[in-house]
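Engineer: My structure is stored as run-v8.txt, with compact mmCIF, C-alpha atoms.
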# COMPACT_ATOMS: atom_id res chain seq x y z
CA MET A 1 -71.81 50.57 107.64
CA ALA A 2 -72.78 47.25 106.08
CA VAL A 3 -73.05 46.92 102.32
CA PRO A 4 -76.74 47.27 101.37
CA ASP A 5 -78.09 43.96 100.10
CA LEU A 6 -79.26 45.45 96.79
CA LEU A 7 -75.86 47.00 96.10
CA ARG A 8 -74.09 43.72 96.87
CA ARG A 9 -76.44 41.84 94.52
CA LEU A 10 -75.83 44.39 91.76
CA LEU A 11 -72.06 44.17 92.19
CA THR A 12 -71.99 40.38 92.00
CA ALA A 13 -74.18 40.18 88.90
CA PRO A 14 -72.16 40.15 85.66
CA GLY A 15 -73.11 42.83 83.17
CA PRO A 16 -70.60 44.13 80.61
CA SER A 17 -71.84 46.70 78.11
CA GLY A 18 -74.48 45.16 75.88
CA TYR A 19 -74.84 42.14 78.18
CA GLU A 20 -76.41 43.81 81.23
CA THR A 21 -79.38 41.43 81.55
CA ALA A 22 -78.54 39.88 84.94
CA ALA A 23 -77.82 43.18 86.69
CA SER A 24 -80.81 44.90 85.07
CA ALA A 25 -83.16 42.14 86.25
CA ILE A 26 -82.03 42.67 89.85
CA TRP A 27 -82.50 46.44 89.52
CA ARG A 28 -86.00 46.11 88.04
CA GLU A 29 -87.07 43.60 90.68
CA ALA A 30 -86.05 46.00 93.45
CA ALA A 31 -87.71 48.95 91.69
CA SER A 32 -91.03 47.15 91.32
CA ALA A 33 -91.59 47.42 95.08
CA PHE A 34 -92.30 51.16 94.86
CA ALA A 35 -92.30 52.39 91.25
CA GLU A 36 -93.75 51.83 87.80
CA VAL A 37 -91.06 49.85 85.98
CA THR A 38 -90.45 49.67 82.24
CA SER A 39 -87.62 48.66 79.91
CA ASP A 40 -86.80 49.08 76.23
CA THR A 41 -85.15 47.34 73.30
CA MET A 42 -81.74 48.74 74.27
CA GLY A 43 -82.05 47.09 77.68
CA SER A 44 -82.27 50.27 79.77
CA SER A 45 -84.69 50.22 82.71
CA VAL A 46 -86.88 53.00 84.15
CA ALA A 47 -88.43 53.21 87.62
CA ARG A 48 -90.93 56.08 87.70
CA VAL A 49 -92.42 57.59 90.85
CA ALA A 50 -95.45 59.81 90.29
CA GLY A 51 -95.28 63.46 91.29
CA THR A 52 -97.81 65.29 93.43
CA ARG A 53 -97.97 68.91 92.22
CA GLY A 54 -97.25 69.11 88.51
CA GLY A 55 -93.55 69.87 88.87
CA PRO A 56 -91.01 69.11 86.14
CA LEU A 57 -90.06 65.53 85.35
CA LEU A 58 -86.62 64.65 86.75
CA VAL A 59 -84.63 61.83 85.15
CA VAL A 60 -81.76 60.39 87.21
CA LEU A 61 -79.27 58.44 85.08
CA GLY A 62 -76.92 55.78 86.39
CA HIS A 63 -75.40 53.41 83.85
CA ILE A 64 -75.59 49.79 84.93
CA ASP A 65 -73.00 48.31 82.56
CA GLU A 66 -69.44 47.50 83.56
CA ILE A 67 -66.24 46.94 81.63
CA GLY A 68 -65.38 43.39 80.59
CA VAL A 69 -63.72 41.44 77.79
CA ILE A 70 -65.09 39.64 74.71
CA VAL A 71 -63.70 36.48 73.10
CA THR A 72 -62.46 37.03 69.55
CA HIS A 73 -60.52 33.84 68.76
CA VAL A 74 -59.75 30.36 70.07
CA ASP A 75 -56.45 28.83 68.99
CA GLU A 76 -55.65 25.16 68.37
CA HIS A 77 -54.51 24.71 71.97
CA GLY A 78 -57.78 26.01 73.41
CA PHE A 79 -56.55 29.41 74.55
CA LEU A 80 -59.06 32.26 74.20
CA PHE A 81 -58.01 35.63 72.85
CA PHE A 82 -60.03 38.73 73.57
CA ARG A 83 -60.56 42.45 73.32
CA GLY A 84 -61.79 44.86 75.95
CA VAL A 85 -65.43 45.84 76.35
CA GLY A 86 -64.64 49.31 77.63
CA GLY A 87 -61.24 50.61 78.65
CA TRP A 88 -58.67 48.34 80.32
CA ARG A 89 -55.03 48.85 81.14
CA PRO A 90 -53.50 45.49 80.14
CA GLU A 91 -51.33 45.20 83.25
CA VAL A 92 -54.46 45.18 85.42
CA LEU A 93 -55.68 41.97 83.75
CA VAL A 94 -52.59 39.79 84.17
CA GLY A 95 -53.29 36.92 86.55
CA GLN A 96 -56.97 37.74 87.08
CA ARG A 97 -59.68 35.12 87.48
CA VAL A 98 -62.62 35.64 85.14
CA GLU A 99 -66.13 34.38 84.65
CA LEU A 100 -67.31 33.83 81.06
CA LEU A 101 -71.00 34.23 80.30
CA ALA A 102 -71.48 31.17 78.12
CA ARG A 103 -74.72 29.91 76.61
CA GLU A 104 -75.53 27.27 79.21
CA GLU A 105 -73.56 28.33 82.28
CA ARG A 106 -70.83 30.59 83.60
CA VAL A 107 -67.38 29.22 82.78
CA PRO A 108 -64.39 30.03 85.01
CA GLY A 109 -61.04 30.97 83.56
CA VAL A 110 -57.78 32.75 84.28
CA ILE A 111 -55.92 35.38 82.29
CA GLY A 112 -52.34 34.56 81.38
CA ARG A 113 -49.69 36.20 79.25
CA LYS A 114 -47.62 34.76 76.45
CA SER A 115 -44.20 33.31 77.20
CA ARG A 116 -41.37 35.80 76.90
CA LYS A 117 -37.64 35.85 77.46
CA PRO A 118 -36.40 38.07 80.28
CA PRO A 119 -34.92 41.30 78.89
CA LYS A 120 -31.16 41.46 78.68
CA ARG A 121 -29.24 43.88 80.85
CA ASP A 122 -29.94 47.49 79.82
CA GLU A 123 -32.68 46.27 77.48
CA LYS A 124 -36.16 47.68 78.03
CA ASP A 125 -39.09 45.32 78.35
CA ASP A 126 -41.74 45.81 75.67
CA PRO A 127 -44.95 47.47 76.90
CA LEU A 128 -47.74 45.03 77.67
CA SER A 129 -50.76 44.97 75.34
CA LEU A 130 -53.96 42.95 75.11
CA ASP A 131 -52.30 40.99 72.28
CA ASP A 132 -49.97 39.50 74.90
CA LEU A 133 -52.84 38.08 76.96
CA HIS A 134 -55.18 35.11 76.71
CA ILE A 135 -57.81 33.32 78.79
CA ASP A 136 -57.16 29.75 79.92
CA VAL A 137 -60.33 27.77 80.71
CA GLY A 138 -58.45 24.49 81.14
CA ALA A 139 -59.37 23.24 77.68
CA ARG A 140 -57.39 20.41 76.04
CA ASP A 141 -57.65 21.94 72.56
CA ARG A 142 -59.77 24.23 70.36
CA ASP A 143 -62.69 21.80 70.06
CA ASP A 144 -62.77 21.29 73.81
CA ALA A 145 -62.75 25.07 74.40
CA LEU A 146 -65.52 25.62 71.85
CA GLY A 147 -67.59 23.07 73.70
CA LEU A 148 -67.52 25.43 76.67
CA VAL A 149 -67.65 28.90 75.11
CA ARG A 150 -68.42 30.59 71.80
CA ILE A 151 -66.75 33.39 69.88
CA GLY A 152 -68.36 36.59 71.13
CA ASP A 153 -68.93 35.40 74.70
CA VAL A 154 -68.05 38.04 77.26
CA ALA A 155 -66.32 37.78 80.63
CA VAL A 156 -65.99 39.80 83.80
CA ILE A 157 -63.47 39.67 86.62
CA ALA A 158 -64.46 37.09 89.23
CA GLY A 159 -64.54 38.07 92.89
CA GLU A 160 -66.76 39.21 95.73
CA PRO A 161 -67.04 42.79 97.06
CA LEU A 162 -64.61 43.39 99.90
CA GLU A 163 -65.57 45.41 102.97
CA LEU A 164 -62.65 47.43 104.31
CA ALA A 165 -62.17 49.60 107.38
CA ASN A 166 -64.09 52.84 107.93
CA GLY A 167 -67.02 51.94 105.70
CA ARG A 168 -64.92 51.55 102.56
CA LEU A 169 -65.95 49.06 99.89
CA ALA A 170 -63.72 47.58 97.18
CA SER A 171 -65.21 45.80 94.19
CA ARG A 172 -65.29 45.51 90.45
CA ALA A 173 -68.18 47.31 88.70
CA LEU A 174 -68.50 50.21 91.15
CA ASP A 175 -68.27 52.09 87.83
CA ASN A 176 -71.15 52.34 87.57
CA ARG A 177 -73.45 50.06 89.53
CA LEU A 178 -73.04 52.82 92.11
CA GLY A 179 -74.83 55.30 89.83
CA ALA A 180 -77.62 52.86 89.04
CA TYR A 181 -77.99 52.08 92.74
CA VAL A 182 -78.01 55.75 93.80
CA ALA A 183 -80.59 56.62 91.13
CA LEU A 184 -82.89 53.85 92.36
CA GLU A 185 -82.31 54.57 96.04
CA ALA A 186 -83.10 58.27 95.49
CA ALA A 187 -86.34 57.31 93.75
CA ARG A 188 -87.17 55.00 96.67
CA LEU A 189 -86.59 57.83 99.15
CA VAL A 190 -88.88 60.07 97.12
CA ALA A 191 -91.58 57.39 97.06
CA GLU A 192 -91.16 56.83 100.81
CA ALA A 193 -91.70 60.57 101.36
CA GLY A 194 -94.99 60.48 99.43
CA GLY A 195 -93.58 61.77 96.16
CA ALA A 196 -91.89 64.93 94.91
CA PRO A 197 -93.55 67.89 93.13
CA GLY A 198 -92.87 66.25 89.75
CA ASP A 199 -92.36 62.71 88.54
CA VAL A 200 -88.97 61.17 89.29
CA ALA A 201 -87.67 58.57 86.83
CA ALA A 202 -84.59 56.57 87.84
CA VAL A 203 -82.84 55.07 84.82
CA ALA A 204 -80.43 52.13 84.78
CA ALA A 205 -78.88 52.98 81.43
CA VAL A 206 -76.94 50.50 79.32
CA GLN A 207 -73.86 50.70 77.07
CA GLU A 208 -72.13 53.74 78.57
CA GLU A 209 -68.67 52.17 78.51
CA VAL A 210 -68.55 51.38 74.79
CA GLY A 211 -69.29 54.54 72.93
CA ASP A 212 -71.86 57.24 72.57
CA TYR A 213 -73.84 56.75 75.81
CA GLY A 214 -76.46 54.73 73.94
CA GLY A 215 -78.77 53.81 76.81
CA ALA A 216 -78.82 57.29 78.30
CA ARG A 217 -79.26 58.93 74.90
CA THR A 218 -82.30 56.85 73.96
CA SER A 219 -83.86 56.95 77.45
CA VAL A 220 -83.69 60.73 77.76
CA PHE A 221 -85.05 61.15 74.24
CA ALA A 222 -88.00 58.90 75.06
CA LEU A 223 -88.77 60.35 78.50
CA GLU A 224 -88.45 64.04 77.51
CA PRO A 225 -87.58 65.36 80.99
CA GLN A 226 -87.24 69.01 81.88
CA VAL A 227 -84.35 68.22 84.27
CA ALA A 228 -81.80 65.41 84.36
CA LEU A 229 -79.01 64.33 86.69
CA ALA A 230 -76.29 61.83 85.90
CA VAL A 231 -74.70 59.92 88.78
CA ASP A 232 -71.29 58.39 88.13
CA VAL A 233 -67.84 57.89 89.63
CA THR A 234 -64.92 60.30 89.51
CA ASP A 235 -61.23 59.71 90.19
CA ALA A 236 -60.41 60.22 93.86
CA THR A 237 -57.57 62.65 94.48
CA ASP A 238 -56.70 61.36 97.97
CA ILE A 239 -54.21 58.75 96.74
CA PRO A 240 -50.43 59.07 96.24
CA ASP A 241 -49.82 61.72 93.56
CA GLY A 242 -53.53 62.46 93.29
CA ASP A 243 -53.89 65.96 91.80
CA PRO A 244 -56.84 68.18 92.75
CA LYS A 245 -55.49 70.93 90.48
CA ALA A 246 -56.85 69.18 87.39
CA TRP A 247 -60.60 69.03 88.04
CA GLY A 248 -61.00 69.72 91.75
CA GLU A 249 -60.71 67.76 94.96
CA ALA A 250 -62.49 64.43 95.38
CA LYS A 251 -61.84 62.61 98.64
CA VAL A 252 -63.21 59.21 99.60
CA GLY A 253 -65.49 59.95 102.54
CA GLY A 254 -65.66 63.66 101.72
CA GLY A 255 -69.20 63.55 100.36
CA PRO A 256 -70.52 63.50 96.80
CA ALA A 257 -68.98 65.79 94.18
CA ILE A 258 -71.29 68.31 92.52
CA ASN A 259 -70.06 69.16 89.06
CA ARG A 260 -69.82 72.68 87.68
CA GLY A 261 -68.76 73.60 84.17
CA SER A 262 -69.56 74.55 80.61
CA THR A 263 -72.26 71.97 79.92
CA ILE A 264 -73.73 71.92 83.44
CA ASN A 265 -76.90 73.96 83.79
CA PRO A 266 -75.98 76.65 86.35
CA LYS A 267 -79.41 76.63 87.98
CA VAL A 268 -79.23 72.87 88.44
CA PHE A 269 -75.80 73.28 90.04
CA GLU A 270 -77.03 75.97 92.44
CA LEU A 271 -80.10 73.93 93.36
CA LEU A 272 -77.92 70.90 94.13
CA VAL A 273 -75.71 73.04 96.37
CA GLU A 274 -78.78 74.52 98.06
CA SER A 275 -80.14 71.00 98.63
CA ALA A 276 -76.87 69.76 100.12
CA ASP A 277 -76.58 72.76 102.44
CA ALA A 278 -80.19 72.46 103.62
CA GLU A 279 -79.79 68.73 104.36
CA GLY A 280 -76.37 69.06 106.00
CA ILE A 281 -74.73 66.89 103.35
CA ALA A 282 -71.00 67.40 102.93
CA TYR A 283 -69.93 67.84 99.30
CA VAL A 284 -67.10 69.03 97.08
CA VAL A 285 -67.18 70.77 93.71
CA ASN A 286 -65.68 69.13 90.63
CA VAL A 287 -65.12 71.07 87.41
CA SER A 288 -65.58 70.13 83.75
CA SER A 289 -64.47 72.46 80.99
CA GLY A 290 -66.39 70.52 78.34
CA VAL A 291 -67.27 66.84 78.13
CA THR A 292 -67.69 64.99 81.42
CA TYR A 293 -67.26 61.45 80.01
CA THR A 294 -70.54 60.46 81.67
CA ASP A 295 -74.14 59.97 80.57
CA MET A 296 -74.61 63.69 81.19
CA ASP A 297 -72.92 64.33 77.85
CA ALA A 298 -75.83 62.64 76.06
CA ALA A 299 -78.54 64.16 78.26
CA TYR A 300 -77.82 67.87 78.15
CA ALA A 301 -78.07 68.15 74.35
CA SER A 302 -81.07 65.85 73.92
CA ARG A 303 -83.91 67.22 71.78
CA ALA A 304 -83.95 71.02 72.31
CA GLY A 305 -81.69 70.80 75.37
CA ILE A 306 -82.19 69.51 78.92
CA ALA A 307 -81.25 71.29 82.17
CA THR A 308 -78.68 68.77 83.35
CA GLY A 309 -76.33 68.27 86.29
CA LEU A 310 -73.80 65.70 87.45
CA VAL A 311 -73.28 64.14 90.88
CA SER A 312 -70.13 62.04 91.25
CA LEU A 313 -68.71 59.64 93.82
CA ALA A 314 -64.99 59.83 94.61
CA THR A 315 -63.64 56.40 93.66
CA ARG A 316 -60.11 55.06 93.81
CA TYR A 317 -58.59 52.73 91.19
CA ILE A 318 -61.32 53.17 88.56
CA HIS A 319 -61.39 50.51 85.80
CA THR A 320 -59.68 47.92 87.97
CA PRO A 321 -61.11 44.94 89.89
CA THR A 322 -60.54 46.83 93.15
CA GLU A 323 -62.40 50.10 92.69
CA LEU A 324 -62.89 51.64 96.15
CA VAL A 325 -65.58 53.94 97.51
CA SER A 326 -67.01 55.15 100.81
CA LEU A 327 -70.46 53.76 101.61
CA ASP A 328 -71.17 56.99 103.48
CA ASP A 329 -70.69 58.89 100.22
CA VAL A 330 -73.06 56.52 98.42
CA GLU A 331 -75.78 57.05 101.02
CA ALA A 332 -75.22 60.83 100.98
CA ALA A 333 -75.49 60.95 97.18
CA ALA A 334 -78.89 59.25 97.27
CA ARG A 335 -80.13 61.69 99.92
CA LEU A 336 -78.81 64.62 97.88
CA VAL A 337 -80.62 63.54 94.71
CA ALA A 338 -83.85 62.92 96.65
CA ALA A 339 -83.62 66.35 98.30
CA PHE A 340 -82.98 67.97 94.91
CA ALA A 341 -86.13 66.30 93.54
CA GLN A 342 -88.20 67.84 96.33
CA ARG A 343 -87.13 71.34 95.24
CA LEU A 344 -88.36 71.00 91.66
CA GLU A 345 -91.51 73.05 92.09
CA PRO A 346 -93.90 73.85 89.22
CA GLY A 347 -92.86 76.87 87.20
CA LEU A 348 -89.11 76.63 87.74
CA ASP A 349 -87.24 78.28 84.88
CA PHE A 350 -83.93 76.72 83.84
CA THR A 351 -83.26 78.94 80.80
CA ARG A 352 -79.92 80.72 80.82
Could you write out this file's structure as structure tokens?
Structural biologist:
Amino acid sequence: MAVPDLLRRLLTAPGPSGYETAASAIWREAASAFAEVTSDTMGSSVARVAGTRGGPLLVVLGHIDEIGVIVTHVDEHGFLFFRGVGGWRPEVLVGQRVELLAREERVPGVIGRKSRKPPKRDEKDDPLSLDDLHIDVGARDRDDALGLVRIGDVAVIAGEPLELANGRLASRALDNRLGAYVALEAARLVAEAGGAPGDVAAVAAVQEEVGDYGGARTSVFALEPQVALAVDVTDATDIPDGDPKAWGEAKVGGGPAINRGSTINPKVFELLVESADAEGIAYVVNVSSGVTYTDMDAAYASRAGIATGLVSLATRYIHTPTELVSLDDVEAAARLVAAFAQRLEPGLDFTR
């Protein structure tokens, strides 16, 4: 299947944590076609579709930020040094092309590593770290570089999404433009169906990659939902040495993963499974024994507690420029969330 135009636009918009403006603007523009759209001082966006029968408010969280790097120093030769915005393995960055979000325009650059002598026989090479890397923007010297960029400018990996065989898509920022896209697409499906029993609020949350799930935490607090779902990526196990024994099987093309575990509301889990079975949507079950490392961790303990679940998309090579997903899984996840929303009838009790 072809890459949906909205998803492609989201994936090509730069938006590291705290600098999500370009991606958020695209998301809000698309949402305005069918929902009431708002945003807040954090930068998170909400697309709300009115309910029809007084059912509980459902919030669907997908964080819209991606990992990137931030410039911390420019040396006398014009080389830029940086730290990660979110988690990078340094070896992934060597030789990458980047795009810096400068004040006036986007500035291209490449990531290089410092000169080093080859290790002697039987001598181990030192592990690579971010301290060994720099960005080269072609500057003649420090003043020339500072005429192009400023300390504190951020950068993302440059490159277009790549369509592969069998409906697979490789791109940077699938973590987690996918979640933001699925949340919005589910809300659109609900609107197209004439609404769900309760309001459905899709949230493009910011700043998930850099700490305490700030955008999700503040959005859920403000919206006060009775039910929440987070949509995020999970490591695919169908790669060499992939291990389903850790948290369960997650195959690209195997359908969305429905999470079950200590912090997942059991009634939300069962209702997701019921929805998938009724709609003929293939799925797998992932397990979390505690934290899920997603926006769900902020949602479930908000205020006096929210009945919360997690839907994940099996993704290969997470936190690299070539994250890979099945477009069929993306479409199925949106249908699953929309079907779940239709089952949130008035009077549902999620207490344990």
Engineer: Please determine, counting all atoms listed in the file, which residue among A:Val137, A:Ala165, A:Val156, A:Val268 has the shortest atom-to-atom distance to Val227 (chain A).
Structural biologist: A:Val268
Engineer: With the cut-off set at 8 Å and counting only C-alpha atoms, tabulate each residue of region 161-246 of chain A with an atom at most that distance from an atom of region 296-317 of chain A, showing the nearest atom pair and its distance in Å to one decimal, ordered by chain and increasing number, as a tab-separated table.
Structural biologist:
residue	atom	partner	partner_atom	distance
A:Asp212	CA	A:Ala298	CA	7.6
A:Tyr213	CA	A:Ala298	CA	6.2
A:Ala216	CA	A:Ala298	CA	6.5
A:Arg217	CA	A:Ala298	CA	5.2
A:Val220	CA	A:Ala299	CA	6.2
A:Phe221	CA	A:Ser302	CA	6.2
A:Glu224	CA	A:Arg303	CA	8.0
A:Pro225	CA	A:Ile306	CA	7.1
A:Gln226	CA	A:Ile306	CA	5.9
A:Val227	CA	A:Ala307	CA	4.8
A:Ala228	CA	A:Thr308	CA	4.7
A:Leu229	CA	A:Gly309	CA	4.8
A:Ala230	CA	A:Leu310	CA	4.9
A:Val231	CA	A:Val311	CA	4.9
A:Asp232	CA	A:Ser312	CA	4.9
A:Val233	CA	A:Leu313	CA	4.6
A:Thr234	CA	A:Ala314	CA	5.1
A:Asp235	CA	A:Thr315	CA	5.4
A:Ala236	CA	A:Ala314	CA	4.7
A:Thr237	CA	A:Ala314	CA	7.9
A:Ile239	CA	A:Arg316	CA	7.6
Engineer: From the set A:Leu130, A:Leu146, A:Leu344, A:Leu101, which residue has the shortest atom-to-atom contact distance to Gly84 (chain A), counting only C-alpha atoms?
Structural biologist: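 So, comparing all the options, the nearest one is A:Leu130.
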Engineer: Take CA of Val200 (chain A) and CA of Val59 (chain A) and report the distance between them in Å, one decimal.
Structural biologist: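 Interatomic distance here is 6.0 Å.
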Engineer: Would you list the residues near (-58.5, 30.5, 66.1), meaning any protein, DNA or RNA residue with an atom at most 12 Å from that point in file coordinates, counting all atoms listed in the file, as a PyMOL selection string?
Structural biologist: chain A and resi 71-82+141-143+145-146+150-151
Engineer: Looking at all atoms listed in the file, which of A:Val37, A:Val60, A:Gly43, A:Pro266 is the one that sits closest to Thr21 (chain A)?
Structural biologist: A:Gly43
Engineer: One number please: CA of Gln207 (chain A) to CA of Ser17 (chain A), in Å, one decimal.
Structural biologist: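 So the two atoms, CA of Gln207 (chain A) and CA of Ser17 (chain A), lie 4.6 Å apart.
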Engineer: Leaving out Ser32 (chain A) and any residue of its chain fewer than 6 positions from it, which residues lie within 10 Å of it when counting all atoms listed in the file, given as a PDB file with C-alpha atoms, in the coordinates of the input?
Structural biologist:
ATOM      1  CA  THR A  38     -90.450  49.670  82.240  1.00  0.00           C
ATOM      2  CA  ALA A  47     -88.430  53.210  87.620  1.00  0.00           C
ATOM      3  CA  ARG A  48     -90.930  56.080  87.700  1.00  0.00           C
TER       4      ARG A  48
END
Engineer: When you count all atoms listed in the file, which of these residues is closest to Val284 (chain A): A:Arg106, A:Lys267, A:Arg260, A:Arg97?
Structural biologist: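 Smallest separation from Val284 (chain A) among the options: A:Arg260.
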Engineer: Provide the CA of Gly87 (chain A) to CA of Asn286 (chain A) distance in Å, to one decimal place.
Structural biologist: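 Those two atoms sit 22.5 Å apart.
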Engineer: With all atoms listed in the file as the basis for distance, which of A:Pro127, A:Pro14, A:Gly198, A:Pro108 is at the shortest distance from Phe340 (chain A)?
Structural biologist: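 Closest residue, counting all atoms listed in the file: A:Gly198.
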Engineer: Pick from A:Met1, A:Leu11, A:Val337, A:Ala193: nearest to Leu164 (chain A), with only C-alpha atoms counted?
Structural biologist: A:Met1
Engineer: Show me the residues around (-68.5, 37.4, 80.1) - criterion: an atom at most 6 Å away, all atoms listed in the file counted - as a ChimeraX atom specification.
Structural biologist: /A:99-101,153-156
Engineer: Mind dumping the selected residues with C-alpha atoms as a compact mmCIF listing (two decimals), in the coordinates of the input?
Structural biologist:
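New file selection_26.txt:
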# COMPACT_ATOMS: atom_id res chain seq x y z
CA GLU A 99 -66.13 34.38 84.65
CA LEU A 100 -67.31 33.83 81.06
CA LEU A 101 -71.00 34.23 80.30
CA ASP A 153 -68.93 35.40 74.70
CA VAL A 154 -68.05 38.04 77.26
CA ALA A 155 -66.32 37.78 80.63
CA VAL A 156 -65.99 39.80 83.80
Engineer: I'd like the contact shell of Ala33 (chain A) - 12 Å cut-off, all atoms listed in the file, skipping same-chain residues fewer than 6 positions apart - returned as a list of chain:residue names.
Structural biologist: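 Listing them by chain and then by number gives A:Ile26, A:Trp27, A:Ala47, A:Arg48, A:Val49, A:Leu184, A:Glu185, A:Ala187, A:Arg188, A:Ala191, A:Glu192.
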Engineer: Near Glu66 (chain A), counting only C-alpha atoms, which residues have an atom at most 8 Å away, once you skip same-chain residues fewer than 6 positions from it, shown as a list in words?
Structural biologist: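 The residues that qualify are Gly15, Pro16, Ser17, Gly86, Ala173, Asp175, Asn176, Arg177 and Glu209 of chain A.
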Engineer: To test the calculation: enclose all listed atoms of region 29-45 of chain A in a box whose edges run along x, y and z, add 5 Å on each side, then state centre and edge lengths in Å to one decimal, as AutoDock Vina command-line options.
Structural biologist:
--center_x -87.7 --center_y 48.0 --center_z 84.2 --size_x 22.0 --size_y 18.8 --size_z 31.8
Engineer: Which residues come within 7 Å of Trp247 (chain A), counting only C-alpha atoms, excluding same-chain residues fewer than 2 positions away, as a PyMOL selection string?
Structural biologist: chain A and resi 244-245+286-288
Engineer: Write out as an mmCIF file with C-alpha atoms, keeping the file's coordinate frame each polymer residue whose atoms come within 10 Å of Arg89 (chain A), counting all atoms listed in the file; drop sequence neighbours fewer than 6 positions from it.
Structural biologist:
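After the write, result.cif holds the following:
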data_model
loop_
_atom_site.group_PDB
_atom_site.id
_atom_site.type_symbol
_atom_site.label_atom_id
_atom_site.label_comp_id
_atom_site.auth_asym_id
_atom_site.auth_seq_id
_atom_site.Cartn_x
_atom_site.Cartn_y
_atom_site.Cartn_z
ATOM 1 C CA LEU A 128 -47.740 45.030 77.670
ATOM 2 C CA SER A 129 -50.760 44.970 75.340
ATOM 3 C CA LEU A 130 -53.960 42.950 75.110
ATOM 4 C CA HIS A 319 -61.390 50.510 85.800
ATOM 5 C CA THR A 320 -59.680 47.920 87.970
#
